[in-house]
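One file, target.txt, carrying compact mmCIF, C-alpha atoms (C1' of nucleotides):
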```
# COMPACT_ATOMS: atom_id res chain seq x y z
CA MET A 37 -27.03 92.61 -78.22
CA ALA A 38 -30.49 91.18 -78.04
CA LEU A 39 -31.25 91.01 -81.75
CA ARG A 40 -28.31 88.68 -81.97
CA HIS A 41 -29.99 86.16 -79.69
CA ALA A 42 -33.37 86.61 -81.32
CA VAL A 43 -31.75 85.60 -84.62
CA LEU A 44 -30.07 82.59 -83.05
CA ALA A 45 -33.40 81.53 -81.54
CA ALA A 46 -35.09 81.86 -84.93
CA LEU A 47 -32.43 79.73 -86.60
CA LEU A 48 -33.13 76.87 -84.19
CA ASP A 49 -36.03 75.92 -86.45
CA GLY A 50 -33.78 75.18 -89.39
CA GLU A 51 -31.92 76.97 -92.15
CA PHE A 52 -33.04 80.43 -93.18
CA SER A 53 -31.87 83.20 -95.47
CA GLY A 54 -31.78 86.86 -94.48
CA TYR A 55 -34.82 87.38 -96.61
CA GLN A 56 -36.78 84.63 -94.89
CA LEU A 57 -35.78 85.91 -91.47
CA ALA A 58 -36.85 89.39 -92.52
CA LYS A 59 -40.32 88.03 -93.08
CA ALA A 60 -40.33 86.30 -89.71
CA PHE A 61 -39.19 89.47 -87.93
CA ASP A 62 -41.65 91.64 -89.79
CA LEU A 63 -44.26 93.82 -88.12
CA GLY A 64 -47.02 91.61 -89.43
CA VAL A 65 -45.72 88.37 -87.96
CA ALA A 66 -43.03 88.88 -85.33
CA ASN A 67 -44.44 87.31 -82.19
CA TYR A 68 -41.34 87.60 -80.02
CA TRP A 69 -39.09 90.20 -81.66
CA TYR A 70 -39.35 92.83 -84.37
CA ALA A 71 -36.47 93.82 -86.63
CA GLN A 72 -35.97 95.37 -90.05
CA PRO A 73 -34.33 93.58 -92.97
CA GLN A 74 -31.29 95.88 -92.85
CA GLN A 75 -30.70 95.01 -89.22
CA LEU A 76 -30.93 91.32 -89.99
CA TYR A 77 -28.46 91.34 -92.86
CA ALA A 78 -26.00 93.27 -90.71
CA GLU A 79 -26.51 90.96 -87.74
CA LEU A 80 -26.13 87.82 -89.88
CA THR A 81 -22.79 89.12 -91.15
CA ARG A 82 -21.60 89.73 -87.59
CA LEU A 83 -22.89 86.38 -86.32
CA GLU A 84 -21.10 84.55 -89.11
CA LYS A 85 -17.88 86.47 -88.52
CA ASP A 86 -18.09 85.49 -84.85
CA GLY A 87 -18.67 81.86 -85.75
CA LEU A 88 -22.06 81.61 -84.06
CA ILE A 89 -23.80 80.76 -87.30
CA ALA A 90 -22.61 79.27 -90.58
CA GLY A 91 -24.03 79.90 -94.02
CA ARG A 92 -24.02 78.12 -97.33
CA GLU A 93 -24.77 79.53 -100.76
CA VAL A 94 -27.74 78.13 -102.59
CA VAL A 95 -27.76 78.89 -106.30
CA GLN A 96 -31.28 78.88 -107.68
CA ALA A 97 -32.40 78.45 -111.27
CA THR A 98 -34.88 81.25 -111.51
CA ARG A 99 -34.30 83.22 -108.29
CA PRO A 100 -31.25 85.15 -107.11
CA THR A 101 -28.65 83.19 -105.19
CA LYS A 102 -29.32 83.15 -101.47
CA ARG A 103 -27.40 82.21 -98.34
CA LEU A 104 -28.95 79.84 -95.81
CA PHE A 105 -27.73 80.01 -92.22
CA HIS A 106 -27.75 77.60 -89.33
CA VAL A 107 -26.60 77.81 -85.71
CA THR A 108 -23.18 76.36 -84.88
CA ASP A 109 -22.20 74.69 -81.61
CA ALA A 110 -20.65 77.96 -80.50
CA GLY A 111 -23.94 79.65 -81.32
CA LEU A 112 -25.88 77.19 -79.20
CA GLU A 113 -23.50 77.80 -76.34
CA GLU A 114 -23.98 81.55 -76.69
CA LEU A 115 -27.75 81.05 -76.53
CA GLU A 116 -27.39 78.92 -73.42
CA GLU A 117 -25.39 81.65 -71.70
CA PHE A 118 -27.84 84.29 -72.76
CA THR A 119 -30.77 82.29 -71.44
CA ALA A 120 -29.05 81.61 -68.15
CA ALA A 121 -28.30 85.31 -67.56
CA ALA A 122 -30.95 87.54 -65.98
CA ALA A 123 -33.50 88.84 -68.45
CA LYS A 124 -33.97 92.56 -68.89
CA PRO A 125 -37.34 93.75 -67.70
CA SER A 126 -39.84 94.55 -70.41
CA PHE A 127 -41.41 97.95 -70.84
CA ILE A 128 -44.08 99.79 -72.77
CA ARG A 129 -43.32 102.28 -75.53
CA ASP A 130 -46.21 103.06 -77.80
CA ASP A 131 -46.98 106.16 -79.87
CA LEU A 132 -50.68 105.49 -79.68
CA LEU A 133 -50.66 105.39 -75.89
CA VAL A 134 -48.90 108.75 -75.84
CA LYS A 135 -51.70 110.15 -77.93
CA VAL A 136 -54.39 108.69 -75.70
CA GLN A 137 -52.55 110.09 -72.68
CA ALA A 138 -53.07 113.52 -74.25
CA ALA A 139 -56.68 112.73 -75.21
CA ASP A 140 -58.20 115.50 -73.10
CA HIS A 141 -56.24 118.17 -74.99
CA VAL A 142 -56.36 117.12 -78.63
CA ASP A 143 -58.74 116.49 -81.49
CA LEU A 144 -60.62 113.28 -80.78
CA GLY A 145 -61.64 112.58 -84.36
CA ALA A 146 -58.14 111.82 -85.59
CA LEU A 147 -57.37 109.84 -82.45
CA ILE A 148 -60.46 107.68 -82.76
CA ALA A 149 -59.58 106.94 -86.39
CA GLN A 150 -56.12 105.77 -85.37
CA LEU A 151 -57.52 103.61 -82.63
CA GLY A 152 -59.78 102.03 -85.26
CA GLU A 153 -56.82 101.27 -87.49
CA ARG A 154 -54.90 99.77 -84.61
CA ALA A 155 -57.87 97.66 -83.61
CA ALA A 156 -58.12 96.32 -87.16
CA VAL A 157 -54.40 95.50 -87.28
CA ALA A 158 -54.64 93.79 -83.91
CA ALA A 159 -57.69 91.79 -84.98
CA ALA A 160 -55.85 90.61 -88.10
CA LYS A 161 -52.92 89.50 -85.94
CA VAL A 162 -55.26 87.64 -83.61
CA GLU A 163 -56.49 85.72 -86.66
CA LEU A 164 -52.97 85.11 -87.89
CA PHE A 165 -51.61 83.90 -84.58
CA GLY A 166 -54.64 81.67 -84.14
CA THR A 167 -53.94 80.07 -87.50
CA LEU A 168 -50.25 79.67 -86.71
CA LEU A 169 -51.05 77.98 -83.40
CA ARG A 170 -53.52 75.57 -85.04
CA GLY A 171 -50.90 74.78 -87.65
CA MET A 172 -48.23 74.03 -85.07
CA ARG A 173 -50.34 71.73 -82.91
CA GLY A 174 -51.97 69.97 -85.86
CA GLU A 175 -54.47 67.33 -84.80
CA ARG A 176 -53.51 67.45 -81.15
CA THR A 177 -55.24 69.54 -78.52
CA GLU A 178 -53.22 72.37 -77.01
CA GLU A 179 -52.73 70.40 -73.80
CA GLU A 180 -51.42 67.35 -75.66
CA PHE A 181 -49.13 69.40 -77.83
CA LEU A 182 -47.63 71.32 -74.92
CA ARG A 183 -47.04 68.05 -73.06
CA GLN A 184 -45.64 66.00 -75.92
CA GLY A 185 -44.61 68.32 -78.76
CA ASP A 186 -40.91 68.52 -79.45
CA ARG A 187 -40.73 72.19 -80.40
CA ILE A 188 -42.94 74.17 -78.09
CA GLY A 189 -40.86 77.37 -77.82
CA PRO A 190 -42.42 79.00 -80.88
CA TYR A 191 -45.85 77.87 -79.73
CA LEU A 192 -45.46 79.52 -76.33
CA THR A 193 -44.22 82.82 -77.76
CA CYS A 194 -47.03 82.76 -80.27
CA MET A 195 -49.48 82.35 -77.40
CA ARG A 196 -48.08 85.51 -75.85
CA GLY A 197 -48.36 87.31 -79.18
CA LEU A 198 -51.98 86.24 -79.46
CA ALA A 199 -52.88 87.44 -75.97
CA PHE A 200 -51.04 90.72 -76.55
CA GLU A 201 -52.97 91.46 -79.73
CA GLN A 202 -56.25 90.47 -78.13
CA GLY A 203 -55.46 92.94 -75.38
CA ASN A 204 -54.65 95.59 -77.97
CA ARG A 205 -57.83 95.00 -79.88
CA ASP A 206 -60.07 94.97 -76.81
CA TRP A 207 -58.51 98.09 -75.33
CA CYS A 208 -58.73 99.97 -78.63
CA GLU A 209 -62.41 99.10 -78.97
CA ARG A 210 -63.18 100.11 -75.41
CA THR A 211 -61.25 103.36 -75.80
CA ILE A 212 -63.02 104.16 -79.07
CA ALA A 213 -66.38 103.68 -77.33
CA VAL A 214 -65.39 105.96 -74.45
CA LEU A 215 -63.95 108.71 -76.63
CA THR A 216 -66.81 108.57 -79.13
CA SER A 217 -69.45 109.05 -76.47
CA ARG A 218 -67.52 111.97 -74.99
CA GLN A 219 -67.04 113.52 -78.42
CA GLN A 220 -70.80 113.42 -78.94
CA ALA A 221 -71.49 114.76 -75.46
CA HIS A 222 -69.17 117.76 -75.87
CA ALA A 223 -70.04 118.68 -79.45
CA PRO A 224 -73.70 117.68 -79.79
CA ASN A 225 -76.46 118.51 -82.30
CA MET B 174 -38.92 112.06 -81.78
CA ALA B 175 -41.47 110.17 -79.75
CA LEU B 176 -40.01 110.71 -76.30
CA ARG B 177 -40.52 114.38 -76.98
CA HIS B 178 -44.26 113.92 -77.27
CA ALA B 179 -44.42 111.53 -74.36
CA VAL B 180 -42.88 114.25 -72.21
CA LEU B 181 -45.31 116.87 -73.50
CA ALA B 182 -48.20 114.52 -72.74
CA ALA B 183 -46.89 113.96 -69.21
CA LEU B 184 -46.60 117.71 -68.61
CA LEU B 185 -50.29 118.17 -69.39
CA ASP B 186 -51.01 117.11 -65.82
CA GLY B 187 -49.19 120.10 -64.38
CA GLU B 188 -45.68 121.26 -63.59
CA PHE B 189 -42.96 118.69 -63.13
CA SER B 190 -39.21 118.60 -62.66
CA GLY B 191 -36.89 116.28 -64.53
CA TYR B 192 -36.60 114.21 -61.41
CA GLN B 193 -40.36 113.84 -61.02
CA LEU B 194 -40.72 112.91 -64.68
CA ALA B 195 -37.96 110.36 -64.26
CA LYS B 196 -40.09 108.65 -61.64
CA ALA B 197 -43.14 108.71 -63.89
CA PHE B 198 -41.19 107.24 -66.82
CA ASP B 199 -39.56 104.59 -64.67
CA LEU B 200 -39.75 100.85 -65.34
CA GLY B 201 -41.82 100.33 -62.23
CA VAL B 202 -44.58 102.78 -63.14
CA ALA B 203 -44.47 103.87 -66.79
CA ASN B 204 -47.80 102.88 -68.24
CA TYR B 205 -47.43 104.47 -71.67
CA TRP B 206 -43.74 105.18 -72.20
CA TYR B 207 -40.47 104.19 -70.57
CA ALA B 208 -37.41 106.44 -70.49
CA GLN B 209 -34.30 106.87 -68.40
CA PRO B 210 -33.51 110.00 -66.37
CA GLN B 211 -30.63 110.96 -68.68
CA GLN B 212 -32.94 110.89 -71.68
CA LEU B 213 -35.44 113.08 -69.89
CA TYR B 214 -32.98 115.75 -68.82
CA ALA B 215 -31.65 115.93 -72.37
CA GLU B 216 -35.13 116.06 -73.87
CA LEU B 217 -36.27 118.75 -71.43
CA THR B 218 -33.32 120.90 -72.48
CA ARG B 219 -34.21 120.47 -76.15
CA LEU B 220 -37.92 121.08 -75.57
CA GLU B 221 -37.19 124.29 -73.70
CA LYS B 222 -34.76 125.48 -76.37
CA ASP B 223 -37.48 124.86 -78.97
CA GLY B 224 -40.01 126.78 -76.92
CA LEU B 225 -42.40 123.85 -76.48
CA ILE B 226 -42.09 123.92 -72.72
CA ALA B 227 -41.06 126.62 -70.24
CA GLY B 228 -39.40 126.10 -66.91
CA ARG B 229 -39.04 128.10 -63.72
CA GLU B 230 -36.52 127.64 -60.96
CA VAL B 231 -37.80 126.69 -57.56
CA VAL B 232 -35.32 127.26 -54.75
CA GLN B 233 -35.98 124.95 -51.84
CA ALA B 234 -34.91 125.38 -48.26
CA THR B 235 -33.67 121.91 -47.55
CA ARG B 236 -33.61 120.27 -51.01
CA PRO B 237 -31.54 121.14 -54.09
CA THR B 238 -32.97 123.75 -56.41
CA LYS B 239 -35.18 122.23 -59.07
CA ARG B 240 -36.75 123.38 -62.33
CA LEU B 241 -40.46 122.88 -62.92
CA PHE B 242 -41.67 122.71 -66.52
CA HIS B 243 -45.01 123.29 -68.17
CA VAL B 244 -46.24 123.03 -71.76
CA THR B 245 -46.42 126.27 -73.78
CA ASP B 246 -48.98 127.09 -76.47
CA ALA B 247 -46.44 126.05 -79.08
CA GLY B 248 -46.03 122.77 -77.22
CA LEU B 249 -49.75 122.13 -77.26
CA GLU B 250 -49.79 122.81 -80.98
CA GLU B 251 -46.94 120.36 -81.49
CA LEU B 252 -48.88 117.71 -79.56
CA GLU B 253 -51.95 118.36 -81.69
CA GLU B 254 -49.95 117.82 -84.86
CA PHE B 255 -48.36 114.70 -83.49
CA THR B 256 -51.71 113.25 -82.51
CA ALA B 257 -53.22 114.05 -85.90
CA ALA B 258 -50.38 112.30 -87.78
CA ALA B 259 -50.51 108.54 -88.34
CA ALA B 260 -49.29 106.49 -85.38
CA LYS B 261 -46.43 104.07 -85.82
CA PRO B 262 -47.47 100.47 -85.41
CA SER B 263 -46.49 98.86 -82.12
CA PHE B 264 -44.30 95.81 -81.88
CA ILE B 265 -42.96 93.25 -79.45
CA ARG B 266 -39.35 93.15 -78.31
CA ASP B 267 -38.76 91.10 -75.22
CA ASP B 268 -35.67 89.29 -74.01
CA LEU B 269 -37.73 86.79 -72.09
CA LEU B 270 -39.73 85.81 -75.17
CA VAL B 271 -36.48 85.19 -77.06
CA LYS B 272 -35.45 82.82 -74.31
CA VAL B 273 -38.77 81.00 -74.36
CA GLN B 274 -38.52 80.75 -78.15
CA ALA B 275 -35.30 78.80 -77.55
CA ALA B 276 -36.86 76.76 -74.72
CA ASP B 277 -36.41 73.39 -76.46
CA HIS B 278 -32.64 73.86 -76.64
CA VAL B 279 -31.65 75.40 -73.33
CA ASP B 280 -31.62 74.73 -69.60
CA LEU B 281 -35.19 74.97 -68.33
CA GLY B 282 -34.30 75.59 -64.69
CA ALA B 283 -32.88 79.05 -65.26
CA LEU B 284 -35.67 79.91 -67.66
CA ILE B 285 -38.41 78.90 -65.24
CA ALA B 286 -36.78 81.00 -62.54
CA GLN B 287 -36.81 84.05 -64.78
CA LEU B 288 -40.42 83.48 -65.71
CA GLY B 289 -41.19 83.39 -62.00
CA GLU B 290 -39.46 86.72 -61.46
CA ARG B 291 -41.29 88.28 -64.37
CA ALA B 292 -44.59 86.95 -63.09
CA ALA B 293 -43.94 88.52 -59.70
CA VAL B 294 -43.02 91.87 -61.25
CA ALA B 295 -46.13 91.75 -63.41
CA ALA B 296 -48.33 90.88 -60.44
CA ALA B 297 -46.91 93.83 -58.51
CA LYS B 298 -47.69 96.12 -61.42
CA VAL B 299 -51.22 94.78 -61.63
CA GLU B 300 -51.64 95.78 -58.00
CA LEU B 301 -50.08 99.19 -58.59
CA PHE B 302 -52.13 100.03 -61.66
CA GLY B 303 -55.28 98.87 -59.87
CA THR B 304 -54.52 101.26 -57.03
CA LEU B 305 -53.75 104.11 -59.42
CA LEU B 306 -57.03 103.56 -61.25
CA ARG B 307 -59.02 103.53 -58.02
CA GLY B 308 -57.28 106.73 -56.98
CA MET B 309 -58.09 108.48 -60.24
CA ARG B 310 -61.79 107.62 -60.30
CA GLY B 311 -62.29 108.22 -56.57
CA GLU B 312 -65.83 107.56 -55.44
CA ARG B 313 -67.20 107.20 -58.94
CA THR B 314 -67.63 103.93 -60.81
CA GLU B 315 -65.41 103.42 -63.84
CA GLU B 316 -68.33 104.04 -66.18
CA GLU B 317 -69.20 107.32 -64.49
CA PHE B 318 -65.62 108.50 -64.42
CA LEU B 319 -65.02 107.74 -68.08
CA ARG B 320 -68.22 109.56 -69.01
CA GLN B 321 -67.79 112.61 -66.81
CA GLY B 322 -64.17 112.82 -65.67
CA ASP B 323 -62.19 115.75 -67.03
CA ARG B 324 -58.82 114.00 -67.35
CA ILE B 325 -59.36 110.52 -68.66
CA GLY B 326 -56.23 110.17 -70.83
CA PRO B 327 -54.07 108.87 -67.98
CA TYR B 328 -56.88 106.59 -66.87
CA LEU B 329 -57.18 104.99 -70.30
CA THR B 330 -53.44 104.41 -70.68
CA CYS B 331 -53.35 102.97 -67.18
CA MET B 332 -56.10 100.56 -68.17
CA ARG B 333 -53.91 99.35 -71.02
CA GLY B 334 -50.97 99.00 -68.67
CA LEU B 335 -53.08 96.94 -66.30
CA ALA B 336 -54.30 94.60 -69.03
CA PHE B 337 -50.76 94.25 -70.39
CA GLU B 338 -49.37 93.23 -67.02
CA GLN B 339 -52.22 90.85 -66.39
CA GLY B 340 -51.40 89.25 -69.72
CA ASN B 341 -47.76 89.06 -68.75
CA ARG B 342 -48.50 87.50 -65.40
CA ASP B 343 -50.97 84.94 -66.78
CA TRP B 344 -48.73 83.92 -69.64
CA CYS B 345 -45.70 83.56 -67.36
CA GLU B 346 -47.65 81.35 -64.97
CA ARG B 347 -48.99 79.18 -67.79
CA THR B 348 -45.55 78.88 -69.34
CA ILE B 349 -43.99 77.96 -65.99
CA ALA B 350 -46.58 75.20 -65.58
CA VAL B 351 -45.89 73.82 -69.07
CA LEU B 352 -42.11 73.93 -68.76
CA THR B 353 -42.10 72.51 -65.25
CA SER B 354 -44.14 69.47 -66.19
CA ARG B 355 -41.89 68.83 -69.19
CA GLN B 356 -38.79 69.24 -67.08
CA GLN B 357 -40.07 66.58 -64.72
CA ALA B 358 -41.10 64.29 -67.58
CA HIS B 359 -37.69 64.44 -69.26
CA ALA B 360 -35.51 64.21 -66.17
CA PRO B 361 -37.55 62.12 -63.75
CA ASN B 362 -36.70 60.17 -60.58
C1' DC C 1082 -22.32 106.66 -40.39
C1' DA C 1083 -24.03 104.35 -44.29
C1' DT C 1084 -27.82 104.16 -47.37
C1' DA C 1085 -31.53 106.15 -49.81
C1' DG C 1086 -33.58 110.06 -51.81
C1' DC C 1087 -33.34 114.64 -54.08
C1' DA C 1088 -31.63 116.98 -58.16
C1' DT C 1089 -29.09 117.55 -62.48
C1' DG C 1090 -26.36 116.61 -65.93
C1' DT C 1091 -22.01 114.95 -69.67
C1' DA C 1092 -19.73 111.60 -72.77
C1' DA C 1093 -19.07 107.44 -75.18
C1' DA C 1094 -20.81 103.37 -77.11
C1' DT C 1095 -24.41 100.69 -78.93
C1' DT C 1096 -28.70 100.08 -81.38
C1' DG C 1097 -32.20 101.16 -84.39
C1' DT C 1098 -34.33 103.87 -88.27
C1' DT C 1099 -34.55 106.02 -92.75
C1' DA C 1100 -33.03 106.62 -97.20
C1' DC C 1101 -30.71 104.84 -101.01
C1' DA C 1102 -29.12 101.18 -104.32
C1' DT C 1103 -29.39 97.10 -107.59
C1' DG C 1104 -31.27 93.57 -110.54
C1' DA C 1105 -33.91 89.56 -111.98
C1' DT C 1106 -38.68 87.17 -112.18
C1' DT C 1107 -43.55 86.35 -111.73
C1' DC C 1108 -48.25 87.71 -111.75
C1' DA C 1109 -52.28 90.61 -112.95
C1' DT D 254 -46.21 97.02 -118.42
C1' DG D 255 -46.35 98.04 -113.73
C1' DA D 256 -46.34 96.11 -109.23
C1' DA D 257 -44.96 92.54 -106.15
C1' DT D 258 -41.64 89.05 -104.72
C1' DC D 259 -36.99 87.36 -104.32
C1' DA D 260 -32.42 88.65 -102.55
C1' DT D 261 -28.78 91.50 -100.48
C1' DG D 262 -26.69 95.16 -98.90
C1' DT D 263 -24.43 100.51 -97.72
C1' DA D 264 -24.52 105.04 -95.58
C1' DA D 265 -26.25 108.65 -92.83
C1' DC D 266 -28.85 109.84 -89.09
C1' DA D 267 -31.54 109.43 -84.77
C1' DA D 268 -32.46 107.27 -80.43
C1' DT D 269 -31.17 104.59 -76.50
C1' DT D 270 -28.12 102.58 -73.13
C1' DT D 271 -24.24 102.52 -70.12
C1' DA D 272 -20.88 104.65 -67.52
C1' DC D 273 -19.35 108.55 -65.17
C1' DA D 274 -19.88 112.76 -62.20
C1' DT D 275 -21.42 115.87 -58.26
C1' DG D 276 -23.27 117.28 -53.83
C1' DC D 277 -26.55 117.95 -50.19
C1' DT D 278 -30.19 116.01 -46.71
C1' DA D 279 -33.01 112.82 -44.25
C1' DT D 280 -33.53 108.32 -42.20
C1' DG D 281 -32.38 104.12 -39.74
```
Take the structure in this file and express it as structure tokens.
Amino acid sequence: MALRHAVLAALLDGEFSGYQLAKAFDLGVANYWYAQPQQLYAELTRLEKDGLIAGREVVQATRPTKRLFHVTDAGLEELEEFTAAAAKPSFIRDDLLVKVQAADHVDLGALIAQLGERAAVAAAKVELFGTLLRGMRGERTEEEFLRQGDRIGPYLTCMRGLAFEQGNRDWCERTIAVLTSRQQAHAPN
Amino acid sequence: MALRHAVLAALLDGEFSGYQLAKAFDLGVANYWYAQPQQLYAELTRLEKDGLIAGREVVQATRPTKRLFHVTDAGLEELEEFTAAAAKPSFIRDDLLVKVQAADHVDLGALIAQLGERAAVAAAKVELFGTLLRGMRGERTEEEFLRQGDRIGPYLTCMRGLAFEQGNRDWCERTIAVLTSRQQAHAPN
DNA sequence: CATAGCATGTAAATTGTTACATGATTCA
DNA sequence: TGAATCATGTAACAATTTACATGCTATG
């Protein structure tokens, strides 16, 4: 039941529809949790049934009718309890790392190509998160914002996302360099 | 079916029992994939049934009988195919980040404590991965090892694990500093 | 003599992924 | 006119987690 709390945390910023949340929890943006649209619609239904969020229909002129949700008092309480309880440790699970683990036994060409793609994706996210951070702090310096801002949660998680993607990018580039030079050494001329 | 390939990749280093793999895929060590013992025993059974690994019984004098597995030719082929296919993008899913996202609405004391715990765990892993890396490269410098070593896959994934945990530790410490100063500012005297 | 480590699993419940389904509007 | 965006779901399947289960040996 962790998605549940991720959704509650996202709804602290205001009212959102399932569709809007789906964009926030998308691979391209999600800086603290990833989830698919289907999961979100299902979770929103459950959360509403349990009274942790409440939704209202918004009929639009040109667009389909949507439902905007916000956190209820019960929802806030649930979040408090969740935050107070011990956090589960984090762990690594990454396809690409599995492939690199097997690097000495497989075709390096395909692997290097995938590392390149991952590096590009990571670099794009670094850009994106940088822009998001600048947008959140506005005119203030980071120090000022973190001292005085009134909604720093998203900023802090975005900082982690940024560092994570920088790490991804740097490691991919380093690994590409290592594997490329070995590829040339073993299959020269 | 990603655990399957993670297990195959792990078995490239030699023969291992389910129990030994369980230690390698444990929270405290896993540098490229995390899995629980139950998952591993189940996956080993499937892999053997599919002919991708083969096991032999080893009767021990004082310890329970164990089964050691190694990758078959079919298993190697499977790994090749997996590595050649496009990798799934990686994503973030972390309880602690969800809690920080909600930082402006919850009790900071408990949150800061959890960030401290996570920082300590991350610092311990930084130590561990550093030791593992030194052990793998032996007398050689990192550059030399990565150029000439004959099993660099595990080294490269361990490098990523190290950087990841450094990122974790640094971010936790920074976040603790930010939240602590705000806690004092909002509830002073 | 209790705890930790060795060694392997089964079963049920929860979560997450993949595929399918619909229908209107805006933009190139 | 075809693709992308808005908007919401259902159903089947795969993966993961949690709880349960056993039994022997070494160590403090």
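Our summary of the geometry notes that atom CA of A:Glu117 is positioned 9.5 Å from atom CA of B:Asp280.
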Quick one: residues within 7 Å of (-40.2, 84.2, -77.2) (file frame), counting only C-alpha atoms (C1' of nucleotides), please, as a PyMOL selection string.
(chain A and resi 68+189-190+193) or (chain B and resi 269-274)
Polymer residues at most 9 Å from A:Leu215, all atoms listed in the file, same-chain spacing of 4 or more positions, as an MDAnalysis selection string:
(chainID A and resid 139 144:145 147:148 210:211 219:220) or (chainID B and resid 319:320)
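Closest approach to chain C among A:Asn67, A:Gly54, A:Thr98, A:Val142 is made by A:Thr98 (distances from all atoms listed in the file).
With atom CA of B:Phe302 on one side and atom CA of B:Glu338 on the other, the separation reads 9.1 Å.
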Shell of 10 Å around D:DT258, all atoms listed in the file, local chain residues under 5 positions omitted, as an NGL selection string
:C and (1106-1108)
Need the shell around stretch 79-90 of chain A: protein/DNA/RNA residues with any atom at most 10 Å away, counting all atoms listed in the file. Skip same-chain ones fewer than 3 positions apart. Format as an mmCIF file with C-alpha atoms, keeping the file's coordinate frame?
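The result, written out as out13.cif:
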```
data_model
loop_
_atom_site.group_PDB
_atom_site.id
_atom_site.type_symbol
_atom_site.label_atom_id
_atom_site.label_comp_id
_atom_site.auth_asym_id
_atom_site.auth_seq_id
_atom_site.Cartn_x
_atom_site.Cartn_y
_atom_site.Cartn_z
ATOM 1 C CA MET A 37 -27.030 92.610 -78.220
ATOM 2 C CA LEU A 39 -31.250 91.010 -81.750
ATOM 3 C CA ARG A 40 -28.310 88.680 -81.970
ATOM 4 C CA HIS A 41 -29.990 86.160 -79.690
ATOM 5 C CA VAL A 43 -31.750 85.600 -84.620
ATOM 6 C CA LEU A 44 -30.070 82.590 -83.050
ATOM 7 C CA LEU A 47 -32.430 79.730 -86.600
ATOM 8 C CA GLU A 51 -31.920 76.970 -92.150
ATOM 9 C CA SER A 53 -31.870 83.200 -95.470
ATOM 10 C CA GLY A 54 -31.780 86.860 -94.480
ATOM 11 C CA LEU A 57 -35.780 85.910 -91.470
ATOM 12 C CA PRO A 73 -34.330 93.580 -92.970
ATOM 13 C CA GLN A 74 -31.290 95.880 -92.850
ATOM 14 C CA GLN A 75 -30.700 95.010 -89.220
ATOM 15 C CA LEU A 76 -30.930 91.320 -89.990
ATOM 16 C CA ARG A 103 -27.400 82.210 -98.340
ATOM 17 C CA LEU A 104 -28.950 79.840 -95.810
ATOM 18 C CA PHE A 105 -27.730 80.010 -92.220
ATOM 19 C CA HIS A 106 -27.750 77.600 -89.330
ATOM 20 C CA VAL A 107 -26.600 77.810 -85.710
ATOM 21 C CA THR A 108 -23.180 76.360 -84.880
ATOM 22 C CA ASP A 109 -22.200 74.690 -81.610
ATOM 23 C CA ALA A 110 -20.650 77.960 -80.500
ATOM 24 C CA GLY A 111 -23.940 79.650 -81.320
ATOM 25 C CA LEU A 112 -25.880 77.190 -79.200
ATOM 26 C CA GLU A 113 -23.500 77.800 -76.340
ATOM 27 C CA GLU A 114 -23.980 81.550 -76.690
ATOM 28 C CA LEU A 115 -27.750 81.050 -76.530
#
```
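All chain C residues having an atom within 12 Å of chain A, based on all atoms listed in the file, amount to DT1095, DT1096, DG1097, DT1098, DT1099, DA1100, DG1104, DA1105, DT1106 and DT1107 of chain C.
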